[in-house]
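This is protein11.cif (mmCIF, C-alpha atoms and all ligand atoms; chains and numbers go by the auth columns).
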data_entry
#
loop_
_atom_site.group_PDB
_atom_site.id
_atom_site.type_symbol
_atom_site.label_atom_id
_atom_site.label_comp_id
_atom_site.label_asym_id
_atom_site.label_seq_id
_atom_site.Cartn_x
_atom_site.Cartn_y
_atom_site.Cartn_z
_atom_site.B_iso_or_equiv
_atom_site.auth_seq_id
_atom_site.auth_asym_id
ATOM 1 C CA MET A 1 0.000 0.000 0.000 0.00 1 A
ATOM 2 C CA THR A 2 1.422 3.409 -0.951 0.00 2 A
ATOM 3 C CA VAL A 3 1.604 6.358 1.451 0.00 3 A
ATOM 4 C CA GLN A 4 -1.093 8.069 -0.628 0.00 4 A
ATOM 5 C CA THR A 5 -3.470 5.102 -0.221 0.00 5 A
ATOM 6 C CA VAL A 6 -2.855 4.998 3.541 0.00 6 A
ATOM 7 C CA SER A 7 -3.551 8.717 3.913 0.00 7 A
ATOM 8 C CA LEU A 8 -6.656 8.413 1.715 0.00 8 A
ATOM 9 C CA LEU A 9 -8.017 5.576 3.884 0.00 9 A
ATOM 10 C CA LEU A 10 -7.177 7.415 7.135 0.00 10 A
ATOM 11 C CA SER A 11 -8.853 10.612 5.866 0.00 11 A
ATOM 12 C CA ALA A 12 -11.941 8.667 4.763 0.00 12 A
ATOM 13 C CA ALA A 13 -12.133 6.969 8.184 0.00 13 A
ATOM 14 C CA ALA A 14 -11.784 10.330 9.987 0.00 14 A
ATOM 15 C CA ILE A 15 -14.520 11.871 7.794 0.00 15 A
ATOM 16 C CA LEU A 16 -16.873 8.948 8.491 0.00 16 A
ATOM 17 C CA ILE A 17 -16.259 9.144 12.272 0.00 17 A
ATOM 18 C CA LEU A 18 -16.872 12.900 12.239 0.00 18 A
ATOM 19 C CA ALA A 19 -20.054 12.426 10.184 0.00 19 A
ATOM 20 C CA ALA A 20 -21.249 9.778 12.675 0.00 20 A
ATOM 21 C CA VAL A 21 -20.653 12.194 15.599 0.00 21 A
ATOM 22 C CA PHE A 22 -22.622 14.957 13.858 0.00 22 A
ATOM 23 C CA LEU A 23 -25.417 12.526 13.032 0.00 23 A
ATOM 24 C CA ARG A 24 -25.611 11.345 16.644 0.00 24 A
ATOM 25 C CA VAL A 25 -25.718 14.933 17.936 0.00 25 A
ATOM 26 C CA ARG A 26 -28.523 15.701 15.465 0.00 26 A
ATOM 27 C CA VAL A 27 -30.503 12.606 16.492 0.00 27 A
ATOM 28 C CA LEU A 28 -30.100 13.301 20.241 0.00 28 A
ATOM 29 C CA ALA A 29 -30.582 17.059 19.965 0.00 29 A
ATOM 30 C CA HIS A 30 -34.097 17.001 21.392 0.00 30 A
ATOM 31 C CA ALA A 31 -33.589 14.319 24.042 0.00 31 A
ATOM 32 C CA VAL A 32 -34.125 15.622 27.576 0.00 32 A
ATOM 33 C CA GLU A 33 -31.536 14.422 30.071 0.00 33 A
ATOM 34 C CA ASP A 34 -30.577 15.429 33.593 0.00 34 A
ATOM 35 C CA TYR A 35 -27.650 17.830 33.328 0.00 35 A
ATOM 36 C CA ALA A 36 -25.517 16.823 36.338 0.00 36 A
ATOM 37 C CA PRO A 37 -24.416 13.262 35.326 0.00 37 A
ATOM 38 C CA VAL A 38 -23.745 14.401 31.752 0.00 38 A
ATOM 39 C CA GLN A 39 -21.557 17.169 33.142 0.00 39 A
ATOM 40 C CA GLY A 40 -19.593 14.746 35.320 0.00 40 A
ATOM 41 C CA ARG A 41 -18.985 12.435 32.352 0.00 41 A
ATOM 42 C CA ALA A 42 -17.895 15.328 30.171 0.00 42 A
ATOM 43 C CA TYR A 43 -15.432 16.573 32.797 0.00 43 A
ATOM 44 C CA ARG A 44 -13.921 13.096 33.095 0.00 44 A
ATOM 45 C CA ILE A 45 -13.500 12.874 29.300 0.00 45 A
ATOM 46 C CA ARG A 46 -11.978 16.347 29.320 0.00 46 A
ATOM 47 C CA ALA A 47 -9.475 15.392 32.018 0.00 47 A
ATOM 48 C CA ILE A 48 -8.488 12.208 30.135 0.00 48 A
ATOM 49 C CA ALA A 49 -8.095 14.173 26.885 0.00 49 A
ATOM 50 C CA PHE A 50 -5.934 16.746 28.655 0.00 50 A
ATOM 51 C CA TRP A 51 -3.527 14.166 30.115 0.00 51 A
ATOM 52 C CA LEU A 52 -3.424 12.215 26.822 0.00 52 A
ATOM 53 C CA MET A 53 -2.468 15.395 25.020 0.00 53 A
ATOM 54 C CA LEU A 54 0.181 16.253 27.582 0.00 54 A
ATOM 55 C CA LEU A 55 1.707 12.789 28.053 0.00 55 A
ATOM 56 C CA VAL A 56 1.314 11.374 24.525 0.00 56 A
ATOM 57 C CA GLY A 57 0.661 14.264 22.125 0.00 57 A
ATOM 58 C CA LEU A 58 3.413 16.554 23.354 0.00 58 A
ATOM 59 C CA PRO A 59 6.257 13.970 23.250 0.00 59 A
ATOM 60 C CA ILE A 60 5.131 12.850 19.757 0.00 60 A
ATOM 61 C CA SER A 61 5.073 16.471 18.548 0.00 61 A
ATOM 62 C CA ILE A 62 8.561 17.126 19.907 0.00 62 A
ATOM 63 C CA TRP A 63 9.841 13.855 18.417 0.00 63 A
ATOM 64 C CA LEU A 64 8.389 14.767 14.973 0.00 64 A
ATOM 65 C CA LEU A 65 10.102 18.169 15.024 0.00 65 A
ATOM 66 C CA ARG A 66 13.433 16.362 14.476 0.00 66 A
ATOM 67 C CA ASP A 67 12.542 16.188 10.782 0.00 67 A
ATOM 68 C CA MET A 68 11.972 19.927 10.389 0.00 68 A
ATOM 69 C CA PRO A 69 13.812 20.827 7.178 0.00 69 A
ATOM 70 C CA TYR A 70 14.354 24.467 8.129 0.00 70 A
ATOM 71 C CA GLU A 71 16.872 23.857 10.880 0.00 71 A
ATOM 72 C CA ALA A 72 18.905 21.306 8.938 0.00 72 A
ATOM 73 C CA ASP A 73 22.647 21.828 8.854 0.00 73 A
ATOM 74 C CA ALA A 74 23.362 23.678 5.637 0.00 74 A
ATOM 75 C CA THR A 75 27.097 24.169 5.932 0.00 75 A
ATOM 76 C CA GLU A 76 28.682 23.052 2.663 0.00 76 A
ATOM 77 C CA ALA A 77 25.227 22.958 1.135 0.00 77 A
ATOM 78 C CA GLN A 78 24.822 22.715 -2.596 0.00 78 A
ATOM 79 C CA ILE A 79 22.726 25.686 -3.591 0.00 79 A
ATOM 80 C CA VAL A 80 19.997 25.377 -6.203 0.00 80 A
ATOM 81 C CA ASN A 81 18.071 28.495 -7.187 0.00 81 A
ATOM 82 C CA ALA A 82 14.579 27.484 -8.241 0.00 82 A
ATOM 83 C CA THR A 83 12.193 30.003 -9.756 0.00 83 A
ATOM 84 C CA ALA A 84 8.577 29.263 -10.548 0.00 84 A
ATOM 85 C CA ALA A 85 6.529 30.939 -13.249 0.00 85 A
ATOM 86 C CA GLN A 86 3.284 30.195 -15.077 0.00 86 A
ATOM 87 C CA TRP A 87 3.911 27.453 -16.096 0.00 87 A
ATOM 88 C CA TYR A 88 7.443 26.211 -15.722 0.00 88 A
ATOM 89 C CA TRP A 89 10.328 25.833 -13.290 0.00 89 A
ATOM 90 C CA GLU A 90 13.747 27.366 -13.764 0.00 90 A
ATOM 91 C CA LEU A 91 16.519 25.606 -11.842 0.00 91 A
ATOM 92 C CA ASP A 92 20.039 26.977 -12.143 0.00 92 A
ATOM 93 C CA ARG A 93 21.468 23.484 -11.661 0.00 93 A
ATOM 94 C CA GLU A 94 19.884 20.081 -11.719 0.00 94 A
ATOM 95 C CA ASP A 95 22.781 17.785 -10.747 0.00 95 A
ATOM 96 C CA VAL A 96 23.401 17.420 -7.030 0.00 96 A
ATOM 97 C CA SER A 97 25.314 14.889 -4.991 0.00 97 A
ATOM 98 C CA LEU A 98 24.101 12.282 -2.602 0.00 98 A
ATOM 99 C CA ASN A 99 24.174 12.593 1.207 0.00 99 A
ATOM 100 C CA ARG A 100 25.118 16.250 1.199 0.00 100 A
ATOM 101 C CA PRO A 101 22.566 18.916 2.065 0.00 101 A
ATOM 102 C CA VAL A 102 21.016 20.713 -0.880 0.00 102 A
ATOM 103 C CA GLU A 103 19.735 24.194 -0.176 0.00 103 A
ATOM 104 C CA PHE A 104 16.928 25.213 -2.506 0.00 104 A
ATOM 105 C CA HIS A 105 16.249 28.931 -2.783 0.00 105 A
ATOM 106 C CA VAL A 106 12.692 28.993 -4.034 0.00 106 A
ATOM 107 C CA ALA A 107 10.962 32.048 -5.483 0.00 107 A
ATOM 108 C CA SER A 108 8.201 32.889 -7.928 0.00 108 A
ATOM 109 C CA MET A 109 7.993 35.391 -10.778 0.00 109 A
ATOM 110 C CA ASP A 110 4.214 35.716 -10.732 0.00 110 A
ATOM 111 C CA VAL A 111 1.732 33.904 -8.462 0.00 111 A
ATOM 112 C CA ASN A 112 2.036 31.410 -5.610 0.00 112 A
ATOM 113 C CA HIS A 113 3.263 27.964 -6.593 0.00 113 A
ATOM 114 C CA GLY A 114 4.104 24.880 -4.550 0.00 114 A
ATOM 115 C CA PHE A 115 7.614 23.467 -4.900 0.00 115 A
ATOM 116 C CA GLY A 116 7.330 19.703 -4.380 0.00 116 A
ATOM 117 C CA ILE A 117 10.148 17.205 -4.906 0.00 117 A
ATOM 118 C CA TYR A 118 9.096 13.607 -5.687 0.00 118 A
ATOM 119 C CA ASP A 119 11.262 10.495 -5.771 0.00 119 A
ATOM 120 C CA ALA A 120 11.122 7.877 -8.542 0.00 120 A
ATOM 121 C CA ALA A 121 8.264 6.074 -6.763 0.00 121 A
ATOM 122 C CA GLY A 122 6.169 9.249 -6.731 0.00 122 A
ATOM 123 C CA ARG A 123 6.635 9.923 -3.028 0.00 123 A
ATOM 124 C CA LEU A 124 6.862 13.539 -1.906 0.00 124 A
ATOM 125 C CA VAL A 125 10.256 13.947 -0.192 0.00 125 A
ATOM 126 C CA ALA A 126 10.360 17.703 0.454 0.00 126 A
ATOM 127 C CA GLN A 127 8.268 20.757 -0.285 0.00 127 A
ATOM 128 C CA THR A 128 7.926 24.473 0.287 0.00 128 A
ATOM 129 C CA GLN A 129 5.975 27.402 -1.121 0.00 129 A
ATOM 130 C CA ALA A 130 7.176 29.448 -4.083 0.00 130 A
ATOM 131 C CA MET A 131 5.967 32.986 -3.420 0.00 131 A
ATOM 132 C CA PRO A 132 6.413 36.228 -5.350 0.00 132 A
ATOM 133 C CA GLY A 133 8.587 38.677 -3.419 0.00 133 A
ATOM 134 C CA TYR A 134 10.103 36.069 -1.088 0.00 134 A
ATOM 135 C CA VAL A 135 12.897 33.538 -1.290 0.00 135 A
ATOM 136 C CA ASN A 136 12.015 30.450 0.698 0.00 136 A
ATOM 137 C CA ARG A 137 14.886 28.265 1.825 0.00 137 A
ATOM 138 C CA LEU A 138 14.437 24.505 1.821 0.00 138 A
ATOM 139 C CA VAL A 139 17.246 22.201 2.905 0.00 139 A
ATOM 140 C CA HIS A 140 17.058 18.529 1.948 0.00 140 A
ATOM 141 C CA LYS A 141 19.608 15.748 1.990 0.00 141 A
ATOM 142 C CA PHE A 142 18.962 13.125 -0.690 0.00 142 A
ATOM 143 C CA ASP A 143 19.881 9.662 0.564 0.00 143 A
ATOM 144 C CA ALA A 144 19.095 7.710 -2.616 0.00 144 A
ATOM 145 C CA PRO A 145 20.462 8.348 -6.107 0.00 145 A
ATOM 146 C CA GLY A 146 18.096 8.819 -9.021 0.00 146 A
ATOM 147 C CA THR A 147 16.011 11.286 -10.960 0.00 147 A
ATOM 148 C CA TYR A 148 13.647 13.285 -8.783 0.00 148 A
ATOM 149 C CA ARG A 149 10.797 15.287 -10.221 0.00 149 A
ATOM 150 C CA VAL A 150 9.801 18.786 -9.197 0.00 150 A
ATOM 151 C CA LEU A 151 6.061 19.347 -9.526 0.00 151 A
ATOM 152 C CA CYS A 152 3.841 22.282 -8.632 0.00 152 A
ATOM 153 C CA LEU A 153 1.791 21.632 -5.490 0.00 153 A
ATOM 154 C CA GLU A 154 -0.533 24.589 -5.744 0.00 154 A
ATOM 155 C CA TYR A 155 -3.070 25.095 -8.496 0.00 155 A
ATOM 156 C CA CYS A 156 -1.781 28.126 -10.372 0.00 156 A
ATOM 157 C CA GLY A 157 -3.763 28.174 -13.599 0.00 157 A
ATOM 158 C CA LEU A 158 -4.463 26.306 -16.819 0.00 158 A
ATOM 159 C CA ALA A 159 -1.148 24.538 -17.383 0.00 159 A
ATOM 160 C CA HIS A 160 -0.378 23.946 -13.688 0.00 160 A
ATOM 161 C CA HIS A 161 -0.054 20.192 -14.321 0.00 161 A
ATOM 162 C CA GLY A 162 2.671 20.828 -16.893 0.00 162 A
ATOM 163 C CA MET A 163 5.092 22.413 -14.431 0.00 163 A
ATOM 164 C CA MET A 164 7.825 19.795 -14.221 0.00 164 A
ATOM 165 C CA ALA A 165 11.557 19.873 -13.665 0.00 165 A
ATOM 166 C CA GLU A 166 14.141 17.303 -12.690 0.00 166 A
ATOM 167 C CA VAL A 167 16.798 17.027 -10.031 0.00 167 A
ATOM 168 C CA ILE A 168 19.372 14.338 -10.716 0.00 168 A
ATOM 169 C CA VAL A 169 21.016 12.926 -7.615 0.00 169 A
ATOM 170 C CA SER A 170 24.262 10.982 -7.994 0.00 170 A
ATOM 171 C CA GLU A 171 27.496 10.169 -6.150 0.00 171 A
ATOM 172 C CA THR A 172 29.378 12.961 -7.874 0.00 172 A
ATOM 173 C CA GLY A 173 26.559 15.449 -8.386 0.00 173 A
ATOM 174 C CA GLY A 174 27.591 16.386 -11.907 0.00 174 A
ATOM 175 C CA SER A 175 30.685 18.319 -12.899 0.00 175 A
ATOM 176 C CA ASP A 176 30.965 20.868 -10.088 0.00 176 A
ATOM 177 C CA GLY A 177 30.302 18.371 -7.317 0.00 177 A
HETATM 178 CU CU CU B . 0.726 25.110 -10.030 0.00 1 B
#
Now, as a test, write the supplied structure out as structure tokens.
Amino acid sequence: MTVQTVSLLLSAAAILILAAVFLRVRVLAHAVEDYAPVQGRAYRIRAIAFWLMLLVGLPISIWLLRDMPYEADATEAQIVNATAAQWYWELDREDVSLNRPVEFHVASMDVNHGFGIYDAAGRLVAQTQAMPGYVNRLVHKFDAPGTYRVLCLEYCGLAHHGMMAEVIVSETGGSDG
């Protein structure tokens, strides 16, 4: 099962659960019930949710922050200037080397675009926004050689789907290493 299929199934499950909750609230909306026991139950659920969030949610959030691309070590980074425009990408180099950070400087000449890098299996490995008037910095270390595709992640007009570029990752990273 691909990552996309898993996220599709999880989203569908979450939507169904949410719909079921709304439906139940609608069905019970006119039921008359004594307030006090309901309140006690709700407070217990609230207390459990609070401690779950603190003891489980917080450590998971902190653990996930390890993968934040913005703080990655960019000393000796290979710099790639990537500019988006309707409807193409302009990369000033496309050969980079393996296991060394690549620092993408991403900008746009017109409207907002999404700069998404996909591996050969179609998995999104890194992404940032391409915005007019800003240069967004994205640091990524490629750990597998191959041809990666850059696609636009934000609908930007008629030929949005045609915005493609390539980043070729190899041991040597082309001529200038
Ligand atoms: Cu687009």
task = Produce as a PyMOL selection string the set of residues near ligand CU 1 (chain B), where near means within 8 Å with all atoms listed in the file considered.
result = chain A and resi 86-87+112-114+151-157+159-161+163
note = Between CA of Val125 in chain A and CA of Pro145 in chain A lies a distance of 13.1 Å
ask   = Expanded to explicit residues, what is the PyMOL selection byres (((chain A and resi 85) around 7) and not hetatm) for this file, as a ChimeraX atom specification?
value = /A:83-84,86-89,108-110
Picked residues, the PyMOL selection byres (((chain A and resi 134-137) around 6) and not hetatm), expected as a PDB file with C-alpha atoms, in the coordinates of the input:
ATOM      1  CA  PHE A 104      16.928  25.213  -2.506  1.00  0.00           C
ATOM      2  CA  HIS A 105      16.249  28.931  -2.783  1.00  0.00           C
ATOM      3  CA  VAL A 106      12.692  28.993  -4.034  1.00  0.00           C
ATOM      4  CA  ALA A 107      10.962  32.048  -5.483  1.00  0.00           C
ATOM      5  CA  MET A 131       5.967  32.986  -3.420  1.00  0.00           C
ATOM      6  CA  PRO A 132       6.413  36.228  -5.350  1.00  0.00           C
ATOM      7  CA  GLY A 133       8.587  38.677  -3.419  1.00  0.00           C
ATOM      8  CA  LEU A 138      14.437  24.505   1.821  1.00  0.00           C
TER       9      LEU A 138
END
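Closest to Leu98 in chain A among A:Phe142, A:Phe22, A:Tyr118, A:Tyr148 is A:Phe142, based on all atoms listed in the file.
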task = Provide the CA of Asp95 in chain A to CA of Arg66 in chain A distance in Å, to one decimal place.
result = 26.9 Å
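The gap separating CA of Leu9 in chain A from CA of Val21 in chain A is 18.5 Å, in Å to one decimal.
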Nearest to Val139 in chain A, chosen from A:Val169, A:Glu94, A:Gly116, A:Ile79, with all atoms listed in the file counted in the distances =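 Of A:Val169, A:Glu94, A:Gly116, A:Ile79, the one nearest Val139 in chain A, counting all atoms listed in the file, is A:Ile79.
If you measure from each of A:Arg26, A:Arg149, A:Gly57, A:Gln4 to Leu91 in chain A using only C-alpha atoms, the closest one turns out to be A:Arg149.
Proximity to Ala77 in chain A was assessed for A:Ser7, A:Asn99, A:Ser170, A:Gln127 counting all atoms listed in the file; the smallest distance is recorded for A:Asn99.
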message = I'd like the residues picked by the PyMOL selection byres (((chain A and resi 101) around 7) and not hetatm) written out as JSON, numbers by chain, using the chain letters and numbers from the file.
response = {"A": [74, 77, 78, 99, 100, 102, 103, 139, 140, 141]}
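Closest approach to Ser97 in chain A from the set A:Leu52, A:Val111, A:Val167, A:Ala14 is made by A:Val167, with distances taken over all atoms listed in the file.
Nearest to Gln129 in chain A of all the residues A:Val96, A:Leu28, A:Val3, A:Ala82 is A:Ala82, counting all atoms listed in the file.
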